[in-house]
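The next block is query_19.pdb, given as PDB, C-alpha atoms, pLDDT in the B column.
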ATOM      1  CA  MET A   1      -4.682 -10.338   5.675  1.00 40.00           C
ATOM      2  CA  ALA A   2      -4.279 -12.592   8.733  1.00 50.00           C
ATOM      3  CA  GLU A   3      -7.392 -13.219  10.801  1.00 54.00           C
ATOM      4  CA  ASN A   4      -5.832 -11.867  13.996  1.00 68.00           C
ATOM      5  CA  THR A   5      -4.959  -8.631  12.157  1.00 74.00           C
ATOM      6  CA  LEU A   6      -8.561  -8.262  10.976  1.00 79.00           C
ATOM      7  CA  ASP A   7      -9.768  -8.825  14.532  1.00 89.00           C
ATOM      8  CA  LEU A   8      -7.332  -6.196  15.777  1.00 94.00           C
ATOM      9  CA  LEU A   9      -8.428  -3.590  13.222  1.00 95.00           C
ATOM     10  CA  GLU A  10     -12.102  -4.141  14.049  1.00 95.00           C
ATOM     11  CA  MET A  11     -11.399  -3.736  17.757  1.00 96.00           C
ATOM     12  CA  TRP A  12      -9.153  -0.747  17.079  1.00 97.00           C
ATOM     13  CA  ASP A  13     -11.932   1.015  15.156  1.00 96.00           C
ATOM     14  CA  ASP A  14     -14.177   0.579  18.199  1.00 96.00           C
ATOM     15  CA  LEU A  15     -11.441   1.798  20.523  1.00 96.00           C
ATOM     16  CA  CYS A  16     -10.793   4.849  18.337  1.00 96.00           C
ATOM     17  CA  ALA A  17     -14.420   5.871  18.735  1.00 95.00           C
ATOM     18  CA  MET A  18     -14.212   5.547  22.514  1.00 94.00           C
ATOM     19  CA  VAL A  19     -10.887   7.376  22.767  1.00 96.00           C
ATOM     20  CA  GLY A  20     -12.003  10.173  20.442  1.00 95.00           C
ATOM     21  CA  ASP A  21     -15.449  10.653  21.957  1.00 94.00           C
ATOM     22  CA  GLU A  22     -14.750  10.085  25.663  1.00 94.00           C
ATOM     23  CA  LEU A  23     -11.070  10.088  26.615  1.00 96.00           C
ATOM     24  CA  MET A  24      -9.578  12.855  24.467  1.00 96.00           C
ATOM     25  CA  PRO A  25     -12.073  15.540  25.570  1.00 95.00           C
ATOM     26  CA  ALA A  26     -11.037  14.750  29.159  1.00 94.00           C
ATOM     27  CA  GLY A  27      -7.321  14.606  28.361  1.00 95.00           C
ATOM     28  CA  LEU A  28      -7.157  10.931  29.356  1.00 97.00           C
ATOM     29  CA  GLU A  29      -6.256   9.318  26.024  1.00 98.00           C
ATOM     30  CA  GLY A  30      -2.776   8.413  27.248  1.00 98.00           C
ATOM     31  CA  ALA A  31      -4.254   5.839  29.627  1.00 97.00           C
ATOM     32  CA  VAL A  32      -4.827   3.642  26.573  1.00 98.00           C
ATOM     33  CA  LEU A  33      -2.452   5.016  23.952  1.00 98.00           C
ATOM     34  CA  LYS A  34       0.739   5.077  26.033  1.00 98.00           C
ATOM     35  CA  PRO A  35       0.762   1.314  26.726  1.00 98.00           C
ATOM     36  CA  LEU A  36      -0.361   0.661  23.155  1.00 98.00           C
ATOM     37  CA  GLY A  37       2.649   2.613  21.886  1.00 98.00           C
ATOM     38  CA  ALA A  38       4.934  -0.054  23.338  1.00 97.00           C
ATOM     39  CA  ILE A  39       3.400  -2.789  21.152  1.00 97.00           C
ATOM     40  CA  SER A  40       4.919  -3.372  17.723  1.00 96.00           C
ATOM     41  CA  SER A  41       1.542  -3.580  15.948  1.00 96.00           C
ATOM     42  CA  ALA A  42       0.757   0.056  16.859  1.00 97.00           C
ATOM     43  CA  PRO A  43       2.292   1.663  13.720  1.00 97.00           C
ATOM     44  CA  GLY A  44      -0.042  -0.416  11.564  1.00 96.00           C
ATOM     45  CA  LEU A  45      -3.006   0.942  13.510  1.00 97.00           C
ATOM     46  CA  ILE A  46      -1.841   4.490  12.822  1.00 98.00           C
ATOM     47  CA  GLU A  47      -1.582   3.788   9.105  1.00 97.00           C
ATOM     48  CA  HIS A  48      -5.043   2.210   9.115  1.00 96.00           C
ATOM     49  CA  SER A  49      -6.747   5.111  10.902  1.00 97.00           C
ATOM     50  CA  PHE A  50      -4.988   7.904   9.069  1.00 96.00           C
ATOM     51  CA  SER A  51      -6.673   6.838   5.849  1.00 95.00           C
ATOM     52  CA  SER A  52     -10.068   7.403   7.495  1.00 97.00           C
ATOM     53  CA  ASP A  53     -12.362  10.272   6.504  1.00 97.00           C
ATOM     54  CA  ASN A  54     -13.381  10.485  10.163  1.00 97.00           C
ATOM     55  CA  PHE A  55     -11.147  13.173  11.608  1.00 97.00           C
ATOM     56  CA  ASN A  56     -11.468  11.758  15.133  1.00 97.00           C
ATOM     57  CA  ASP A  57      -9.834   8.549  13.888  1.00 97.00           C
ATOM     58  CA  ARG A  58      -6.965  10.588  12.489  1.00 98.00           C
ATOM     59  CA  LYS A  59      -6.649  12.551  15.744  1.00 98.00           C
ATOM     60  CA  VAL A  60      -6.355   9.344  17.744  1.00 98.00           C
ATOM     61  CA  ALA A  61      -3.798   7.983  15.274  1.00 98.00           C
ATOM     62  CA  ALA A  62      -1.718  11.168  15.500  1.00 99.00           C
ATOM     63  CA  THR A  63      -1.812  11.039  19.279  1.00 99.00           C
ATOM     64  CA  LEU A  64      -0.754   7.390  19.283  1.00 99.00           C
ATOM     65  CA  ALA A  65       2.234   8.379  17.131  1.00 99.00           C
ATOM     66  CA  GLY A  66       3.428  10.555  19.992  1.00 99.00           C
ATOM     67  CA  HIS A  67       3.427   7.561  22.322  1.00 98.00           C
ATOM     68  CA  LEU A  68       5.268   5.101  20.068  1.00 98.00           C
ATOM     69  CA  GLU A  69       8.413   3.766  21.702  1.00 96.00           C
ATOM     70  CA  ARG A  70      10.303   3.106  18.470  1.00 94.00           C
ATOM     71  CA  PRO A  71       8.680   5.043  15.618  1.00 97.00           C
ATOM     72  CA  GLU A  72      10.095   5.609  12.181  1.00 97.00           C
ATOM     73  CA  PRO A  73      11.780   9.039  12.338  1.00 96.00           C
ATOM     74  CA  GLY A  74       9.795  10.366   9.371  1.00 97.00           C
ATOM     75  CA  LEU A  75       6.374   9.271  10.630  1.00 98.00           C
ATOM     76  CA  LEU A  76       5.127  12.653  11.851  1.00 99.00           C
ATOM     77  CA  GLU A  77       6.254  14.400   8.674  1.00 98.00           C
ATOM     78  CA  LYS A  78       4.345  11.767   6.713  1.00 98.00           C
ATOM     79  CA  LEU A  79       1.195  12.324   8.769  1.00 99.00           C
ATOM     80  CA  PHE A  80       1.491  16.100   8.455  1.00 99.00           C
ATOM     81  CA  SER A  81       2.006  15.866   4.705  1.00 98.00           C
ATOM     82  CA  HIS A  82      -1.088  13.666   4.436  1.00 98.00           C
ATOM     83  CA  GLU A  83      -3.242  16.058   6.470  1.00 98.00           C
ATOM     84  CA  SER A  84      -1.890  19.117   4.673  1.00 98.00           C
ATOM     85  CA  ALA A  85      -2.761  17.539   1.323  1.00 97.00           C
ATOM     86  CA  ARG A  86      -6.261  16.774   2.593  1.00 98.00           C
ATOM     87  CA  ASP A  87      -6.637  20.424   3.603  1.00 98.00           C
ATOM     88  CA  LYS A  88      -5.447  21.666   0.208  1.00 96.00           C
ATOM     89  CA  ASP A  89      -7.994  19.448  -1.555  1.00 98.00           C
ATOM     90  CA  LEU A  90     -10.853  21.262   0.184  1.00 98.00           C
ATOM     91  CA  ALA A  91     -12.410  24.509  -0.986  1.00 97.00           C
ATOM     92  CA  PRO A  92     -10.866  27.555   0.742  1.00 96.00           C
ATOM     93  CA  ASP A  93     -14.077  28.247   2.689  1.00 96.00           C
ATOM     94  CA  ASP A  94     -14.924  24.609   3.495  1.00 98.00           C
ATOM     95  CA  PHE A  95     -15.470  24.219   7.227  1.00 97.00           C
ATOM     96  CA  LYS A  96     -14.063  20.697   7.056  1.00 98.00           C
ATOM     97  CA  ARG A  97     -10.707  22.468   6.998  1.00 98.00           C
ATOM     98  CA  LEU A  98     -11.278  22.962  10.738  1.00 98.00           C
ATOM     99  CA  GLU A  99     -11.040  19.189  11.085  1.00 98.00           C
ATOM    100  CA  CYS A 100      -7.603  19.272   9.471  1.00 98.00           C
ATOM    101  CA  GLN A 101      -6.564  21.961  11.947  1.00 99.00           C
ATOM    102  CA  SER A 102      -7.672  19.730  14.795  1.00 98.00           C
ATOM    103  CA  VAL A 103      -5.689  16.749  13.496  1.00 99.00           C
ATOM    104  CA  VAL A 104      -2.552  18.848  13.020  1.00 99.00           C
ATOM    105  CA  GLU A 105      -2.906  20.021  16.621  1.00 99.00           C
ATOM    106  CA  ASP A 106      -2.433  16.420  17.729  1.00 99.00           C
ATOM    107  CA  ILE A 107       0.501  15.976  15.353  1.00 99.00           C
ATOM    108  CA  VAL A 108       2.111  19.012  17.014  1.00 99.00           C
ATOM    109  CA  PHE A 109       1.514  17.530  20.468  1.00 99.00           C
ATOM    110  CA  ALA A 110       2.995  14.239  19.265  1.00 99.00           C
ATOM    111  CA  ALA A 111       6.082  16.106  18.053  1.00 99.00           C
ATOM    112  CA  ALA A 112       6.336  17.825  21.437  1.00 99.00           C
ATOM    113  CA  ARG A 113       6.490  14.379  23.039  1.00 99.00           C
ATOM    114  CA  TRP A 114       9.178  13.299  20.591  1.00 99.00           C
ATOM    115  CA  CYS A 115      11.248  16.344  21.580  1.00 98.00           C
ATOM    116  CA  ARG A 116      11.506  14.857  25.080  1.00 98.00           C
ATOM    117  CA  LYS A 117      13.409  11.833  23.778  1.00 97.00           C
ATOM    118  CA  PRO A 118      17.024  12.326  22.648  1.00 97.00           C
ATOM    119  CA  GLU A 119      16.692   9.774  19.850  1.00 97.00           C
ATOM    120  CA  LEU A 120      13.542  11.460  18.457  1.00 98.00           C
ATOM    121  CA  LYS A 121      14.230  15.113  19.273  1.00 98.00           C
ATOM    122  CA  ASP A 122      15.592  16.032  15.833  1.00 98.00           C
ATOM    123  CA  SER A 123      12.606  14.470  14.064  1.00 98.00           C
ATOM    124  CA  GLY A 124      10.144  16.190  16.381  1.00 99.00           C
ATOM    125  CA  GLU A 125      11.806  19.558  15.880  1.00 99.00           C
ATOM    126  CA  THR A 126      11.826  19.122  12.107  1.00 98.00           C
ATOM    127  CA  LEU A 127       8.053  18.662  12.121  1.00 99.00           C
ATOM    128  CA  LEU A 128       7.456  21.629  14.412  1.00 99.00           C
ATOM    129  CA  LYS A 129       9.609  23.901  12.252  1.00 99.00           C
ATOM    130  CA  GLN A 130       7.649  22.796   9.204  1.00 98.00           C
ATOM    131  CA  VAL A 131       4.335  23.761  10.834  1.00 99.00           C
ATOM    132  CA  VAL A 132       5.655  27.205  11.787  1.00 99.00           C
ATOM    133  CA  ASP A 133       7.280  27.774   8.408  1.00 98.00           C
ATOM    134  CA  GLU A 134       4.124  26.842   6.478  1.00 97.00           C
ATOM    135  CA  THR A 135       2.075  29.209   8.625  1.00 97.00           C
ATOM    136  CA  ILE A 136       4.472  32.089   8.033  1.00 96.00           C
ATOM    137  CA  ARG A 137       4.328  31.399   4.297  1.00 95.00           C
ATOM    138  CA  GLY A 138       0.527  31.576   4.250  1.00 92.00           C
ATOM    139  CA  ASN A 139      -0.614  27.982   4.784  1.00 95.00           C
ATOM    140  CA  TYR A 140      -2.164  28.697   8.181  1.00 97.00           C
ATOM    141  CA  TRP A 141      -2.045  26.233  11.076  1.00 98.00           C
ATOM    142  CA  ASN A 142      -3.552  27.469  14.322  1.00 98.00           C
ATOM    143  CA  THR A 143      -1.083  25.505  16.458  1.00 98.00           C
ATOM    144  CA  ALA A 144       2.011  27.134  14.966  1.00 99.00           C
ATOM    145  CA  SER A 145       2.298  29.115  18.205  1.00 98.00           C
ATOM    146  CA  TYR A 146       2.393  25.834  20.161  1.00 99.00           C
ATOM    147  CA  ALA A 147       5.064  24.503  17.833  1.00 99.00           C
ATOM    148  CA  MET A 148       7.086  27.695  18.253  1.00 99.00           C
ATOM    149  CA  ALA A 149       6.834  27.442  22.040  1.00 99.00           C
ATOM    150  CA  VAL A 150       8.165  23.878  22.073  1.00 99.00           C
ATOM    151  CA  LEU A 151      11.056  24.806  19.796  1.00 99.00           C
ATOM    152  CA  CYS A 152      12.049  27.709  22.046  1.00 99.00           C
ATOM    153  CA  TYR A 153      11.588  25.655  25.216  1.00 98.00           C
ATOM    154  CA  HIS A 154      13.996  23.011  23.943  1.00 98.00           C
ATOM    155  CA  GLN A 155      16.329  25.661  22.481  1.00 97.00           C
ATOM    156  CA  SER A 156      16.179  24.007  19.086  1.00 98.00           C
ATOM    157  CA  PRO A 157      18.888  25.088  16.628  1.00 97.00           C
ATOM    158  CA  GLY A 158      17.537  27.949  14.541  1.00 98.00           C
ATOM    159  CA  SER A 159      14.597  28.612  16.878  1.00 98.00           C
ATOM    160  CA  LYS A 160      15.719  32.190  17.606  1.00 97.00           C
ATOM    161  CA  GLU A 161      15.753  33.087  13.918  1.00 98.00           C
ATOM    162  CA  LEU A 162      12.443  31.311  13.315  1.00 98.00           C
ATOM    163  CA  LEU A 163      10.861  33.188  16.227  1.00 98.00           C
ATOM    164  CA  GLU A 164      11.953  36.471  14.653  1.00 97.00           C
ATOM    165  CA  GLN A 165      10.168  35.461  11.439  1.00 97.00           C
ATOM    166  CA  PHE A 166       7.108  34.390  13.426  1.00 97.00           C
ATOM    167  CA  GLU A 167       7.064  37.765  15.199  1.00 95.00           C
ATOM    168  CA  ARG A 168       7.095  39.596  11.876  1.00 93.00           C
ATOM    169  CA  PHE A 169       4.195  37.401  10.746  1.00 94.00           C
ATOM    170  CA  CYS A 170       1.903  38.185  13.681  1.00 94.00           C
ATOM    171  CA  LEU A 171       3.368  41.411  15.125  1.00 89.00           C
ATOM    172  CA  PRO A 172       3.764  43.929  12.285  1.00 79.00           C
ATOM    173  CA  THR A 173       5.979  46.931  12.950  1.00 74.00           C
ATOM    174  CA  ASN A 174       5.305  50.644  12.419  1.00 68.00           C
ATOM    175  CA  GLY A 175       1.895  50.411  14.069  1.00 65.00           C
ATOM    176  CA  SER A 176       0.303  48.535  11.190  1.00 70.00           C
ATOM    177  CA  LYS A 177      -2.342  45.917  11.897  1.00 74.00           C
ATOM    178  CA  PRO A 178      -1.679  42.207  11.350  1.00 79.00           C
ATOM    179  CA  ASN A 179      -2.987  40.722   8.138  1.00 82.00           C
ATOM    180  CA  PRO A 180      -4.577  37.406   9.131  1.00 89.00           C
ATOM    181  CA  PRO A 181      -4.652  34.712   6.457  1.00 92.00           C
ATOM    182  CA  ALA A 182      -7.943  33.773   4.837  1.00 92.00           C
ATOM    183  CA  HIS A 183      -9.314  30.699   6.571  1.00 96.00           C
ATOM    184  CA  PRO A 184     -12.788  29.484   7.631  1.00 96.00           C
ATOM    185  CA  SER A 185     -11.652  29.659  11.279  1.00 95.00           C
ATOM    186  CA  ALA A 186     -11.354  33.463  10.853  1.00 95.00           C
ATOM    187  CA  PRO A 187      -8.008  33.787  12.647  1.00 95.00           C
ATOM    188  CA  THR A 188      -7.170  37.090  14.325  1.00 94.00           C
ATOM    189  CA  LEU A 189      -3.538  36.174  15.117  1.00 95.00           C
ATOM    190  CA  GLU A 190      -4.124  37.275  18.725  1.00 95.00           C
ATOM    191  CA  GLN A 191      -2.997  33.906  20.100  1.00 96.00           C
ATOM    192  CA  GLU A 192       0.056  33.932  17.859  1.00 97.00           C
ATOM    193  CA  ALA A 193       0.946  37.466  18.975  1.00 95.00           C
ATOM    194  CA  GLN A 194       0.561  36.560  22.646  1.00 96.00           C
ATOM    195  CA  PHE A 195       2.875  33.580  22.293  1.00 98.00           C
ATOM    196  CA  ALA A 196       5.374  35.550  20.204  1.00 98.00           C
ATOM    197  CA  ARG A 197       5.634  38.282  22.839  1.00 97.00           C
ATOM    198  CA  GLY A 198       6.023  35.819  25.682  1.00 98.00           C
ATOM    199  CA  LEU A 199       8.636  33.763  23.876  1.00 98.00           C
ATOM    200  CA  ALA A 200      10.614  36.835  22.815  1.00 98.00           C
ATOM    201  CA  GLU A 201      10.646  38.003  26.442  1.00 98.00           C
ATOM    202  CA  GLY A 202      11.694  34.560  27.670  1.00 98.00           C
ATOM    203  CA  ASP A 203       8.580  34.243  29.826  1.00 98.00           C
ATOM    204  CA  PRO A 204       8.861  30.866  31.633  1.00 98.00           C
ATOM    205  CA  ARG A 205       5.116  30.188  31.561  1.00 98.00           C
ATOM    206  CA  THR A 206       4.913  30.727  27.819  1.00 98.00           C
ATOM    207  CA  LEU A 207       8.043  28.681  27.149  1.00 98.00           C
ATOM    208  CA  SER A 208       6.813  25.696  29.160  1.00 98.00           C
ATOM    209  CA  ALA A 209       3.092  25.957  28.319  1.00 98.00           C
ATOM    210  CA  ILE A 210       2.883  22.925  26.032  1.00 98.00           C
ATOM    211  CA  ASP A 211       5.198  20.714  28.057  1.00 98.00           C
ATOM    212  CA  GLN A 212       3.225  21.615  31.175  1.00 98.00           C
ATOM    213  CA  LEU A 213       0.031  20.567  29.400  1.00 97.00           C
ATOM    214  CA  LEU A 214       1.580  17.211  28.476  1.00 98.00           C
ATOM    215  CA  ASP A 215       2.699  16.706  32.081  1.00 98.00           C
ATOM    216  CA  GLU A 216      -0.827  17.393  33.314  1.00 97.00           C
ATOM    217  CA  LYS A 217      -2.278  14.902  30.839  1.00 96.00           C
ATOM    218  CA  ASP A 218       0.217  12.228  31.883  1.00 97.00           C
ATOM    219  CA  GLU A 219      -0.503  12.794  35.567  1.00 96.00           C
ATOM    220  CA  ALA A 220      -4.273  12.595  35.051  1.00 95.00           C
ATOM    221  CA  CYS A 221      -3.911   9.283  33.211  1.00 95.00           C
ATOM    222  CA  LYS A 222      -2.450   7.656  36.318  1.00 92.00           C
ATOM    223  CA  ASN A 223      -5.825   7.868  38.058  1.00 88.00           C
ATOM    224  CA  VAL A 224      -8.166   6.484  35.403  1.00 93.00           C
ATOM    225  CA  ALA A 225     -10.550   3.879  36.823  1.00 92.00           C
ATOM    226  CA  TRP A 226     -12.200   1.522  34.323  1.00 95.00           C
ATOM    227  CA  SER A 227     -15.488  -0.256  34.769  1.00 95.00           C
ATOM    228  CA  LYS A 228     -15.130  -4.037  34.866  1.00 96.00           C
ATOM    229  CA  GLU A 229     -16.687  -4.269  31.415  1.00 96.00           C
ATOM    230  CA  ASN A 230     -14.226  -1.775  29.931  1.00 95.00           C
ATOM    231  CA  ALA A 231     -11.279  -3.296  31.775  1.00 96.00           C
ATOM    232  CA  ASP A 232     -12.117  -6.760  30.438  1.00 97.00           C
ATOM    233  CA  TRP A 233     -12.516  -5.430  26.897  1.00 96.00           C
ATOM    234  CA  LEU A 234      -9.217  -3.539  27.040  1.00 97.00           C
ATOM    235  CA  GLU A 235      -7.446  -6.628  28.330  1.00 97.00           C
ATOM    236  CA  GLN A 236      -8.777  -8.551  25.339  1.00 96.00           C
ATOM    237  CA  PHE A 237      -7.765  -5.758  22.948  1.00 97.00           C
ATOM    238  CA  PHE A 238      -4.194  -5.628  24.219  1.00 97.00           C
ATOM    239  CA  ALA A 239      -3.933  -9.413  24.001  1.00 95.00           C
ATOM    240  CA  VAL A 240      -5.024  -9.299  20.355  1.00 95.00           C
ATOM    241  CA  ALA A 241      -2.613  -6.402  19.678  1.00 96.00           C
ATOM    242  CA  ARG A 242       0.305  -8.347  21.140  1.00 94.00           C
ATOM    243  CA  ASN A 243      -0.615 -11.475  19.188  1.00 91.00           C
ATOM    244  CA  ALA A 244      -0.793  -9.462  15.952  1.00 88.00           C
ATOM    245  CA  SER A 245       2.745  -8.268  16.644  1.00 76.00           C
ATOM    246  CA  GLY A 246       3.969 -11.809  16.136  1.00 64.00           C
TER     247      GLY A 246
END
As structure tokens, what does this structure read like?
Amino acid sequence: MAENTLDLLEMWDDLCAMVGDELMPAGLEGAVLKPLGAISSAPGLIEHSFSSDNFNDRKVAATLAGHLERPEPGLLEKLFSHESARDKDLAPDDFKRLECQSVVEDIVFAAARWCRKPELKDSGETLLKQVVDETIRGNYWNTASYAMAVLCYHQSPGSKELLEQFERFCLPTNGSKPNPPAHPSAPTLEQEAQFARGLAEGDPRTLSAIDQLLDEKDEACKNVAWSKENADWLEQFFAVARNASG
């Protein structure tokens, strides 16, 4: 492996820790990941971090995927498949499954960003439909309601029929109670039911909830002020990232 690539990966590991621990909780990760997504070495960083056992590394990688300017169309499906397999390898009551839920949340947000770009919209919608479909079939993902909202907001082909299936999953008829899937997060399906009702009624706030959240994140990132030390380090990181791109 080339020396500049090794330098980049070492710096990227440090940056992942900072983004995961400090920026993501504040919704400011885009201040770093959006410009990084324009650099051709970024996909290699995603591949590197998604093999990590540290779920924060995988969350940062998934979020970076949403900011890539020219990603491979199947990237998000690949990341979701990887995280789903990791979840299946755990015991049914293992609380580390909550980490997989958290990573998939960022994959869903990444797909929502892809749906804003005509050239990536189909790929983003394919991933979102997969998350909803798996949840309906019993492989629970707690952001299926977010995925469903994005699909309805963008009027994705087949979203009406999928919403009907999602409603049957979380809003049983004949007065019966919902039957939440077994999961260490102890889901009640209340969030899913709330989204399903709002989407079925065409409620604008429910339809635009996830896109509004992305807009708020993007706006907040415009006002990030770095310390001189952090600014100098980031400048060095981006220089190394560009050099590694060849």
Selection near Phe238 of chain A, 12 Å with all atoms listed in the file, sequence-local residues under 2 positions removed, as a ChimeraX atom specification:
/A:7-9,11-12,15,32-42,231-236,240-245
Quick one: contact table of segment 153-222 of chain A to segment 82-104 of chain A, 9 Å max, nearest atom pair and distance in Å to one decimal per residue, counting all atoms listed in the file, chain and number order, as JSON lines?
{"residue": "A:Ala182", "atom": "CA", "partner": "A:Pro92", "partner_atom": "CA", "distance": 8.0}
{"residue": "A:His183", "atom": "CA", "partner": "A:Asp93", "partner_atom": "CA", "distance": 6.6}
{"residue": "A:Pro184", "atom": "CA", "partner": "A:Asp93", "partner_atom": "CA", "distance": 5.3}
{"residue": "A:Ser185", "atom": "CA", "partner": "A:Leu98", "partner_atom": "CA", "distance": 6.7}
I'd like the interatomic distance between atom CA of Pro25 of chain A and atom CA of Leu213 of chain A, to a tenth of an Å.
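Pair atom CA of Pro25 of chain A / atom CA of Leu213 of chain A returns 13.7 Å.
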How many Å separate atom CA of Leu120 of chain A from atom CA of Ala65 of chain A?
11.8 Å
Separation of atom CA of Ala225 of chain A from atom CA of Lys59 of chain A, in Å and rounded to one decimal:
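The value is 23.1 Å.
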Fewer than 4 positions away in the same chain doesn't count, so skip those; otherwise give me all residues within 8 Å of segment 207-209 of chain A, counting all atoms listed in the file, as a list in words.
Ala149, Val150, Cys152, Tyr153, Gly198, Leu199, Gly202, Asp203 and Leu213 of chain A
Output file for the residues above (C-alpha atoms, as a compact mmCIF listing (two decimals), in the frame of the given file):
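Saved result, selection_18.txt, follows:
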# COMPACT_ATOMS: atom_id res chain seq x y z
CA ALA A 149 6.83 27.44 22.04
CA VAL A 150 8.16 23.88 22.07
CA CYS A 152 12.05 27.71 22.05
CA TYR A 153 11.59 25.66 25.22
CA GLY A 198 6.02 35.82 25.68
CA LEU A 199 8.64 33.76 23.88
CA GLY A 202 11.69 34.56 27.67
CA ASP A 203 8.58 34.24 29.83
CA LEU A 213 0.03 20.57 29.40
Which one of A:Ala239, A:Val132, A:Met24, A:Ala193 sits closest to Thr63 of chain A if you count all atoms listed in the file?
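Of all the options, A:Met24 lies closest to Thr63 of chain A.
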I need the residue set behind the PyMOL selection byres ((chain A and resi 142) around 8) for this file; please write it as a PyMOL selection string.
chain A and resi 101+105+140-141+143-145+187
For the residues in the current selection, export C-alpha atoms as a PDB file, in the coordinates of the input.
ATOM      1  CA  GLN A 101      -6.564  21.961  11.947  1.00 99.00           C
ATOM      2  CA  GLU A 105      -2.906  20.021  16.621  1.00 99.00           C
ATOM      3  CA  TYR A 140      -2.164  28.697   8.181  1.00 97.00           C
ATOM      4  CA  TRP A 141      -2.045  26.233  11.076  1.00 98.00           C
ATOM      5  CA  THR A 143      -1.083  25.505  16.458  1.00 98.00           C
ATOM      6  CA  ALA A 144       2.011  27.134  14.966  1.00 99.00           C
ATOM      7  CA  SER A 145       2.298  29.115  18.205  1.00 98.00           C
ATOM      8  CA  PRO A 187      -8.008  33.787  12.647  1.00 95.00           C
TER       9      PRO A 187
END
If you count only C-alpha atoms, which residues fall within 12 Å of Glu47 of chain A, apart from same-chain ones fewer than 3 positions away, as a VMD selection string?
chain A and resid 9 12 41 to 44 50 to 52 57 to 58 60 to 62 64 to 65 75 to 76 78 to 79 82
Could you save those same residues with C-alpha atoms as a PDB file, in the coordinates of the input?
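To be explicit, this is the file written out as selection33.pdb:
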ATOM      1  CA  LEU A   9      -8.428  -3.590  13.222  1.00 95.00           C
ATOM      2  CA  TRP A  12      -9.153  -0.747  17.079  1.00 97.00           C
ATOM      3  CA  SER A  41       1.542  -3.580  15.948  1.00 96.00           C
ATOM      4  CA  ALA A  42       0.757   0.056  16.859  1.00 97.00           C
ATOM      5  CA  PRO A  43       2.292   1.663  13.720  1.00 97.00           C
ATOM      6  CA  GLY A  44      -0.042  -0.416  11.564  1.00 96.00           C
ATOM      7  CA  PHE A  50      -4.988   7.904   9.069  1.00 96.00           C
ATOM      8  CA  SER A  51      -6.673   6.838   5.849  1.00 95.00           C
ATOM      9  CA  SER A  52     -10.068   7.403   7.495  1.00 97.00           C
ATOM     10  CA  ASP A  57      -9.834   8.549  13.888  1.00 97.00           C
ATOM     11  CA  ARG A  58      -6.965  10.588  12.489  1.00 98.00           C
ATOM     12  CA  VAL A  60      -6.355   9.344  17.744  1.00 98.00           C
ATOM     13  CA  ALA A  61      -3.798   7.983  15.274  1.00 98.00           C
ATOM     14  CA  ALA A  62      -1.718  11.168  15.500  1.00 99.00           C
ATOM     15  CA  LEU A  64      -0.754   7.390  19.283  1.00 99.00           C
ATOM     16  CA  ALA A  65       2.234   8.379  17.131  1.00 99.00           C
ATOM     17  CA  LEU A  75       6.374   9.271  10.630  1.00 98.00           C
ATOM     18  CA  LEU A  76       5.127  12.653  11.851  1.00 99.00           C
ATOM     19  CA  LYS A  78       4.345  11.767   6.713  1.00 98.00           C
ATOM     20  CA  LEU A  79       1.195  12.324   8.769  1.00 99.00           C
ATOM     21  CA  HIS A  82      -1.088  13.666   4.436  1.00 98.00           C
TER      22      HIS A  82
END
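Residue nearest Cys115 of chain A within the list A:Asn179, A:Asn54, A:Ser156, A:Thr5: A:Ser156 [criterion: smallest interatomic distance, all atoms listed in the file].
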Completed segment 50-60 of chain A (N, CA and C atoms) as a compact mmCIF listing (two decimals), in the coordinates of the input:
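What follows is the written file result.txt:
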# COMPACT_ATOMS: atom_id res chain seq x y z
N PHE A 50 -5.26 6.63 9.72
CA PHE A 50 -4.99 7.90 9.07
C PHE A 50 -5.54 7.96 7.65
N SER A 51 -6.01 6.84 7.15
CA SER A 51 -6.67 6.84 5.85
C SER A 51 -8.18 7.09 5.99
N SER A 52 -8.64 7.23 7.23
CA SER A 52 -10.07 7.40 7.50
C SER A 52 -10.52 8.83 7.17
N ASP A 53 -11.77 8.96 6.71
CA ASP A 53 -12.36 10.27 6.50
C ASP A 53 -12.92 10.85 7.81
N ASN A 54 -12.94 10.03 8.85
CA ASN A 54 -13.38 10.48 10.16
C ASN A 54 -12.20 11.16 10.86
N PHE A 55 -12.31 12.45 11.08
CA PHE A 55 -11.15 13.17 11.61
C PHE A 55 -10.80 12.75 13.03
N ASN A 56 -11.78 12.25 13.79
CA ASN A 56 -11.47 11.76 15.13
C ASN A 56 -10.54 10.54 15.07
N ASP A 57 -10.74 9.69 14.07
CA ASP A 57 -9.83 8.55 13.89
C ASP A 57 -8.42 9.04 13.63
N ARG A 58 -8.29 10.06 12.81
CA ARG A 58 -6.96 10.59 12.49
C ARG A 58 -6.34 11.28 13.70
N LYS A 59 -7.15 11.93 14.52
CA LYS A 59 -6.65 12.55 15.74
C LYS A 59 -6.09 11.50 16.70
N VAL A 60 -6.82 10.41 16.86
CA VAL A 60 -6.36 9.34 17.74
C VAL A 60 -5.06 8.74 17.21
